[in-house]
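Engineer: So that you have it, the file is protein.txt, and it contains compact mmCIF, C-alpha atoms:
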```txt
# COMPACT_ATOMS: atom_id res chain seq x y z
CA MET A 26 0.00 0.00 0.00
CA GLN A 27 2.90 2.33 0.70
CA THR A 28 4.02 2.15 -2.94
CA LEU A 29 0.47 2.89 -4.12
CA LEU A 30 0.16 6.06 -2.00
CA PRO A 31 3.72 7.22 -1.24
CA GLY A 32 2.65 10.84 -0.72
CA PHE A 33 0.07 9.86 1.89
CA HIS A 34 2.57 7.69 3.74
CA SER A 35 5.19 10.43 3.77
CA MET A 36 2.83 12.98 5.34
CA LEU A 37 3.94 14.17 8.75
CA ASN A 38 0.31 14.93 9.63
CA HIS A 39 -3.10 14.75 7.96
CA HIS A 40 -4.15 18.39 8.33
CA PRO A 41 -3.57 19.14 4.61
CA LEU A 42 -6.13 16.48 3.71
CA PHE A 43 -8.90 18.43 5.45
CA VAL A 44 -8.13 22.15 5.05
CA HIS A 45 -9.27 22.47 1.45
CA PHE A 46 -12.84 21.30 2.05
CA PRO A 47 -14.04 24.23 4.20
CA ILE A 48 -12.29 26.66 1.85
CA ALA A 49 -14.07 25.32 -1.22
CA LEU A 50 -17.43 24.75 0.46
CA TRP A 51 -17.61 28.14 2.18
CA LEU A 52 -16.62 30.03 -0.96
CA ALA A 53 -19.18 28.05 -2.96
CA ALA A 54 -21.79 28.88 -0.29
CA LEU A 55 -20.99 32.58 -0.70
CA LEU A 56 -21.34 32.34 -4.48
CA PHE A 57 -24.61 30.40 -4.24
CA GLU A 58 -26.07 32.85 -1.72
CA ALA A 59 -25.16 35.80 -3.94
CA ILE A 60 -26.89 34.08 -6.86
CA ALA A 61 -29.87 33.25 -4.62
CA ILE A 62 -30.33 36.92 -3.74
CA GLY A 63 -29.78 38.05 -7.32
CA LYS A 64 -32.33 35.57 -8.68
CA SER A 65 -34.64 35.60 -5.63
CA SER A 66 -34.28 31.83 -5.63
CA ASP A 67 -35.09 29.66 -2.63
CA ASP A 68 -33.40 26.69 -4.30
CA TRP A 69 -30.07 28.48 -4.63
CA HIS A 70 -30.42 29.68 -1.02
CA ARG A 71 -31.09 26.18 0.32
CA ASN A 72 -28.05 24.87 -1.55
CA ALA A 73 -25.94 27.74 -0.20
CA VAL A 74 -26.96 26.87 3.35
CA ARG A 75 -26.19 23.19 2.77
CA LEU A 76 -22.73 24.14 1.54
CA LEU A 77 -22.28 26.36 4.61
CA TYR A 78 -23.23 23.44 6.88
CA LEU A 79 -20.89 21.02 5.09
CA GLY A 80 -18.05 23.54 5.12
CA THR A 81 -18.48 24.06 8.84
CA LEU A 82 -18.41 20.32 9.52
CA ALA A 83 -15.26 20.08 7.43
CA ALA A 84 -13.77 23.00 9.36
CA VAL A 85 -14.27 21.17 12.65
CA LEU A 86 -12.21 18.30 11.21
CA ALA A 87 -9.60 20.74 9.89
CA VAL A 88 -9.31 22.44 13.28
CA SER A 89 -8.99 19.07 15.03
CA THR A 90 -6.24 17.88 12.71
CA GLY A 91 -4.61 21.31 12.95
CA TRP A 92 -4.21 20.93 16.69
CA LEU A 93 -2.49 17.60 16.08
CA ALA A 94 -0.29 19.14 13.36
CA GLU A 95 0.86 21.88 15.72
CA GLU A 96 3.43 19.44 17.13
CA ALA A 97 5.44 19.85 13.91
CA VAL A 98 6.01 23.57 14.55
CA PRO A 99 9.20 24.47 16.43
CA GLU A 100 8.68 25.56 20.04
CA THR A 101 10.20 28.99 19.46
CA GLY A 102 10.87 31.29 16.54
CA PRO A 103 8.88 33.06 13.85
CA ALA A 104 6.94 29.95 12.77
CA ARG A 105 5.55 29.62 16.31
CA ASP A 106 4.26 33.20 16.10
CA VAL A 107 2.62 32.52 12.74
CA VAL A 108 0.97 29.29 13.95
CA GLY A 109 -0.55 31.28 16.79
CA ILE A 110 -2.04 33.79 14.34
CA HIS A 111 -3.21 30.99 12.03
CA GLU A 112 -4.84 29.08 14.87
CA THR A 113 -6.59 32.15 16.27
CA MET A 114 -7.82 33.29 12.85
CA MET A 115 -9.18 29.86 11.95
CA LEU A 116 -10.90 29.43 15.33
CA ILE A 117 -12.56 32.82 14.82
CA THR A 118 -13.47 31.86 11.25
CA THR A 119 -14.99 28.56 12.33
CA SER A 120 -16.89 30.32 15.13
CA VAL A 121 -18.32 32.83 12.64
CA ALA A 122 -19.35 29.91 10.41
CA LEU A 123 -21.04 28.20 13.36
CA GLY A 124 -22.92 31.43 14.08
CA LEU A 125 -24.02 31.69 10.45
CA CYS A 126 -25.16 28.05 10.54
CA LEU A 127 -27.19 28.80 13.67
CA LEU A 128 -28.75 31.87 12.04
CA ALA A 129 -29.63 29.91 8.88
CA PHE A 130 -31.06 27.04 10.91
CA LEU A 131 -33.16 29.21 13.23
CA LYS A 132 -34.51 31.31 10.33
CA ARG A 133 -35.01 28.40 7.89
CA LYS A 134 -38.82 28.65 8.08
CA ASN A 135 -38.95 32.44 7.96
CA MET A 136 -35.98 33.59 5.84
CA THR A 137 -36.79 37.18 4.95
CA GLY A 138 -34.83 39.22 2.44
CA GLY A 139 -33.17 41.18 5.23
CA VAL A 140 -32.02 38.07 7.05
CA GLN A 141 -30.78 36.58 3.79
CA LYS A 142 -28.72 39.72 3.10
CA LEU A 143 -27.33 39.53 6.63
CA LEU A 144 -26.37 35.92 5.95
CA LEU A 145 -24.65 36.99 2.72
CA LEU A 146 -22.78 39.75 4.56
CA GLY A 147 -21.69 37.19 7.16
CA MET A 148 -20.45 34.91 4.38
CA VAL A 149 -18.42 37.78 2.92
CA ALA A 150 -16.85 38.34 6.36
CA LEU A 151 -16.27 34.58 6.58
CA ALA A 152 -14.44 34.65 3.22
CA VAL A 153 -12.20 37.52 4.36
CA LEU A 154 -11.32 35.76 7.63
CA LEU A 155 -10.75 32.56 5.70
CA ALA A 156 -8.37 34.27 3.28
CA VAL A 157 -6.27 35.82 6.05
CA GLY A 158 -6.17 32.65 8.16
CA SER A 159 -5.41 30.42 5.18
CA ASP A 160 -2.61 32.74 4.12
CA ARG A 161 -0.94 32.18 7.49
CA GLY A 162 -1.27 28.43 6.98
CA ALA A 163 0.37 28.74 3.58
CA GLN A 164 3.11 30.84 5.16
CA LEU A 165 3.81 28.04 7.64
CA VAL A 166 4.24 25.54 4.83
CA TYR A 167 5.92 27.58 2.11
CA GLN A 168 8.00 30.05 4.11
CA TYR A 169 8.86 28.00 7.19
CA ALA A 170 8.48 24.46 5.75
CA THR A 171 6.58 23.23 8.80
CA SER A 172 5.14 19.75 8.36
CA VAL A 173 7.39 19.21 5.37
CA HIS A 174 9.81 16.30 5.37
CA LEU A 175 12.95 17.69 3.81
CA PRO A 176 15.26 14.92 2.64
CA GLY A 177 18.89 15.09 3.63
CA PRO A 178 21.72 15.52 1.16
CA PRO A 179 22.15 12.71 -1.37
CA LYS A 180 24.37 9.88 -0.24
```
Take the structure I supplied and represent it as C-alpha cells, if you would.

Structural biologist:
Amino acid sequence: MQTLLPGFHSMLNHHPLFVHFPIALWLAALLFEAIAIGKSSDDWHRNAVRLLYLGTLAAVLAVSTGWLAEEAVPETGPARDVVGIHETMMLITTSVALGLCLLAFLKRKNMTGGVQKLLLLGMVALAVLLAVGSDRGAQLVYQYATSVHLPGPPK
C-alpha cells in the first residue's frame, strides 16, 4: 500500500487532507447565496446553506487535525508566532461559520430578504477571515516548511 500512495505515507500529519474542504465549500456557499439573492431563488439559497453546513463540519475536522499538526512547529521562533495567528484566525473563522449556521437554521422557516442579506454579509466576512487565516497556513508551509519532510543531502 505504501508504494500505491507514497505521498500519503510520507505525510507528517493529515491536516492538509482536510483544510481544502471548508475553503471550497464556504466560498461556494458565498457564491450560491449571492446568486440566490440576485435571482430571488429559494433553491439556490437552500443549496448555499447546505454548503455552509458542510463547510463548517469540514472546518471542525480541519481544526482538530490542525491541533495535532501543531506538534510539527518548532517551540520557538517566527513559525511559532505565525501558527498562533493561524490558529486564532481559523478558530474565529470557524466560530463565525457556526454562528451563520445557527442563524440559517433558526430562520429556515422564515428567511426574509433582510435576514438573507445579513447571511450573505456574514459569508463575505467569513471569506475575508478565511483568506487571512489560510494565508498564514500557507506561510507556515511555504516560508517556514513546517510539516514538510525535507530529505537530507544525497548519499

Engineer: State, in Å with one decimal place, the distance from CA of Ala129 (chain A) to CA of Leu86 (chain A).

Structural biologist: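 That distance, rounded to one decimal, is 21.1 Å.
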
Engineer: Which neighbours of Leu155 (chain A) fall inside 10 Å, counting all atoms listed in the file, when residues of the same chain fewer than 3 positions from it are skipped, and could you give them as a VMD selection string?

Structural biologist: chain A and resid 47 to 48 51 to 52 111 114 to 115 117 to 119 149 to 152 158 to 161

Engineer: In Å, with one decimal, what is the gap from CA of Val173 (chain A) to CA of Ala87 (chain A)?

Structural biologist: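 So the answer is 17.6 Å.
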
Engineer: Report the distance between CA of Arg133 (chain A) and CA of Ala61 (chain A) in Å, rounded to one decimal place.

Structural biologist: 14.4 Å

Engineer: For a quick check of understanding, using only C-alpha atoms, which of A:Ile62, A:Gly91, A:Val121, A:Asn72 has the smallest distance to Gly109 (chain A)?

Structural biologist: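 Once distances to Gly109 (chain A) are computed over only C-alpha atoms, the minimum belongs to A:Gly91.
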
Engineer: Tyr169 (chain A): which residues within 12 Å, counting all atoms listed in the file, same-chain residues fewer than 3 positions away excluded, as a VMD selection string?

Structural biologist: chain A and resid 97 to 99 102 to 108 161 to 166 172 to 175

Engineer: Have a look at A:Met136, A:Leu131, A:Cys126, A:Leu154 and name the one nearest to Thr113 (chain A); count all atoms listed in the file.

Structural biologist: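 For Thr113 (chain A), the nearest of the candidates is A:Leu154.
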
Engineer: Please determine an axis-aligned box that encloses all atoms of region 153-166 of chain A listed in the file, with 3 Å added on each side, and express its centre and edge lengths in Å to one decimal as lines of an AutoDock Vina configuration file.

Structural biologist:
```
center_x = -4.0
center_y = 31.5
center_z = 5.7
size_x = 22.4
size_y = 18.0
size_z = 10.9
```

Engineer: Of the candidates A:Ala59, A:Ala53, A:Val74, A:Ala94, which shows the shortest atom-to-atom distance to Asn38 (chain A), using all atoms listed in the file?

Structural biologist: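 Among A:Ala59, A:Ala53, A:Val74, A:Ala94, it is A:Ala94 that comes nearest to Asn38 (chain A).
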
Engineer: Would you pick out the contacts of region 138-148 of chain A at 7 Å or less, using all atoms listed in the file, so that residues sharing its chain but fewer than 6 positions from it are not included, and give the list as an MDAnalysis selection string?

Structural biologist: chainID A and resid 55 58:59 125

Engineer: Got time to write the residues from that selection, C-alpha atoms, as a PDB file, in the frame of the given file?

Structural biologist:
```
ATOM      1  CA  LEU A  55     -20.990  32.580  -0.700  1.00  0.00           C
ATOM      2  CA  GLU A  58     -26.070  32.850  -1.720  1.00  0.00           C
ATOM      3  CA  ALA A  59     -25.160  35.800  -3.940  1.00  0.00           C
ATOM      4  CA  LEU A 125     -24.020  31.690  10.450  1.00  0.00           C
TER       5      LEU A 125
END
```

Engineer: Using all atoms listed in the file, give me every residue within 9 Å of (-25.6, 24.5, 0.9) in file coordinates, as a PyMOL selection string.

Structural biologist: chain A and resi 50-51+53-54+57-58+69-80

Engineer: Could you please fill out region 156-167 of chain A with all heavy atoms and send it back as a short mmCIF file (atom, residue, chain, number, x, y, z; two decimals), in the coordinates of the input?

Structural biologist:
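That gives us result.cif:
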```
data_model
loop_
_atom_site.label_atom_id
_atom_site.label_comp_id
_atom_site.auth_asym_id
_atom_site.auth_seq_id
_atom_site.Cartn_x
_atom_site.Cartn_y
_atom_site.Cartn_z
N ALA A 156 -9.52 33.92 4.10
CA ALA A 156 -8.37 34.27 3.28
C ALA A 156 -7.15 34.62 4.15
O ALA A 156 -6.04 34.16 3.88
CB ALA A 156 -8.72 35.44 2.35
N VAL A 157 -7.37 35.42 5.18
CA VAL A 157 -6.27 35.82 6.05
C VAL A 157 -5.72 34.62 6.83
O VAL A 157 -4.51 34.40 6.89
CB VAL A 157 -6.70 36.95 7.02
CG1 VAL A 157 -5.60 37.27 8.00
CG2 VAL A 157 -7.09 38.19 6.23
N GLY A 158 -6.61 33.83 7.40
CA GLY A 158 -6.17 32.65 8.16
C GLY A 158 -5.49 31.62 7.29
O GLY A 158 -4.47 31.04 7.68
N SER A 159 -6.01 31.39 6.10
CA SER A 159 -5.41 30.42 5.18
C SER A 159 -4.04 30.90 4.71
O SER A 159 -3.13 30.09 4.51
CB SER A 159 -6.31 30.20 3.97
OG SER A 159 -7.54 29.64 4.36
N ASP A 160 -3.91 32.19 4.53
CA ASP A 160 -2.61 32.74 4.12
C ASP A 160 -1.54 32.42 5.17
O ASP A 160 -0.41 32.09 4.83
CB ASP A 160 -2.72 34.24 3.91
CG ASP A 160 -1.38 34.85 3.54
OD1 ASP A 160 -0.91 34.62 2.41
OD2 ASP A 160 -0.79 35.53 4.40
N ARG A 161 -1.91 32.51 6.43
CA ARG A 161 -0.94 32.18 7.49
C ARG A 161 -0.59 30.69 7.47
O ARG A 161 0.53 30.31 7.73
CB ARG A 161 -1.45 32.60 8.86
CG ARG A 161 -1.61 34.09 9.05
CD ARG A 161 -0.40 34.89 8.56
NE ARG A 161 -0.56 36.31 8.72
CZ ARG A 161 -1.15 37.12 7.85
NH1 ARG A 161 -1.66 36.66 6.74
NH2 ARG A 161 -1.23 38.41 8.08
N GLY A 162 -1.56 29.86 7.13
CA GLY A 162 -1.27 28.43 6.98
C GLY A 162 -0.32 28.18 5.83
O GLY A 162 0.63 27.39 5.94
N ALA A 163 -0.54 28.87 4.72
CA ALA A 163 0.37 28.74 3.58
C ALA A 163 1.76 29.25 3.94
O ALA A 163 2.77 28.66 3.53
CB ALA A 163 -0.19 29.51 2.39
N GLN A 164 1.82 30.31 4.72
CA GLN A 164 3.11 30.84 5.16
C GLN A 164 3.86 29.80 5.99
O GLN A 164 5.08 29.63 5.82
CB GLN A 164 2.88 32.12 5.99
CG GLN A 164 4.16 32.83 6.38
CD GLN A 164 3.89 34.07 7.21
OE1 GLN A 164 2.78 34.29 7.71
NE2 GLN A 164 4.91 34.90 7.35
N LEU A 165 3.15 29.09 6.84
CA LEU A 165 3.81 28.04 7.64
C LEU A 165 4.43 26.97 6.76
O LEU A 165 5.54 26.49 7.03
CB LEU A 165 2.80 27.40 8.60
CG LEU A 165 2.38 28.25 9.78
CD1 LEU A 165 1.15 27.66 10.45
CD2 LEU A 165 3.53 28.39 10.76
N VAL A 166 3.74 26.59 5.71
CA VAL A 166 4.24 25.54 4.83
C VAL A 166 5.31 26.05 3.89
O VAL A 166 6.39 25.47 3.78
CB VAL A 166 3.08 24.90 4.03
CG1 VAL A 166 3.62 23.91 3.00
CG2 VAL A 166 2.11 24.21 4.97
N TYR A 167 5.04 27.15 3.20
CA TYR A 167 5.92 27.58 2.11
C TYR A 167 7.06 28.49 2.53
O TYR A 167 8.08 28.53 1.86
CB TYR A 167 5.09 28.23 1.00
CG TYR A 167 4.15 27.24 0.38
CD1 TYR A 167 2.77 27.34 0.59
CD2 TYR A 167 4.61 26.18 -0.37
CE1 TYR A 167 1.91 26.41 0.04
CE2 TYR A 167 3.76 25.24 -0.91
CZ TYR A 167 2.41 25.37 -0.71
OH TYR A 167 1.55 24.44 -1.24
#
```
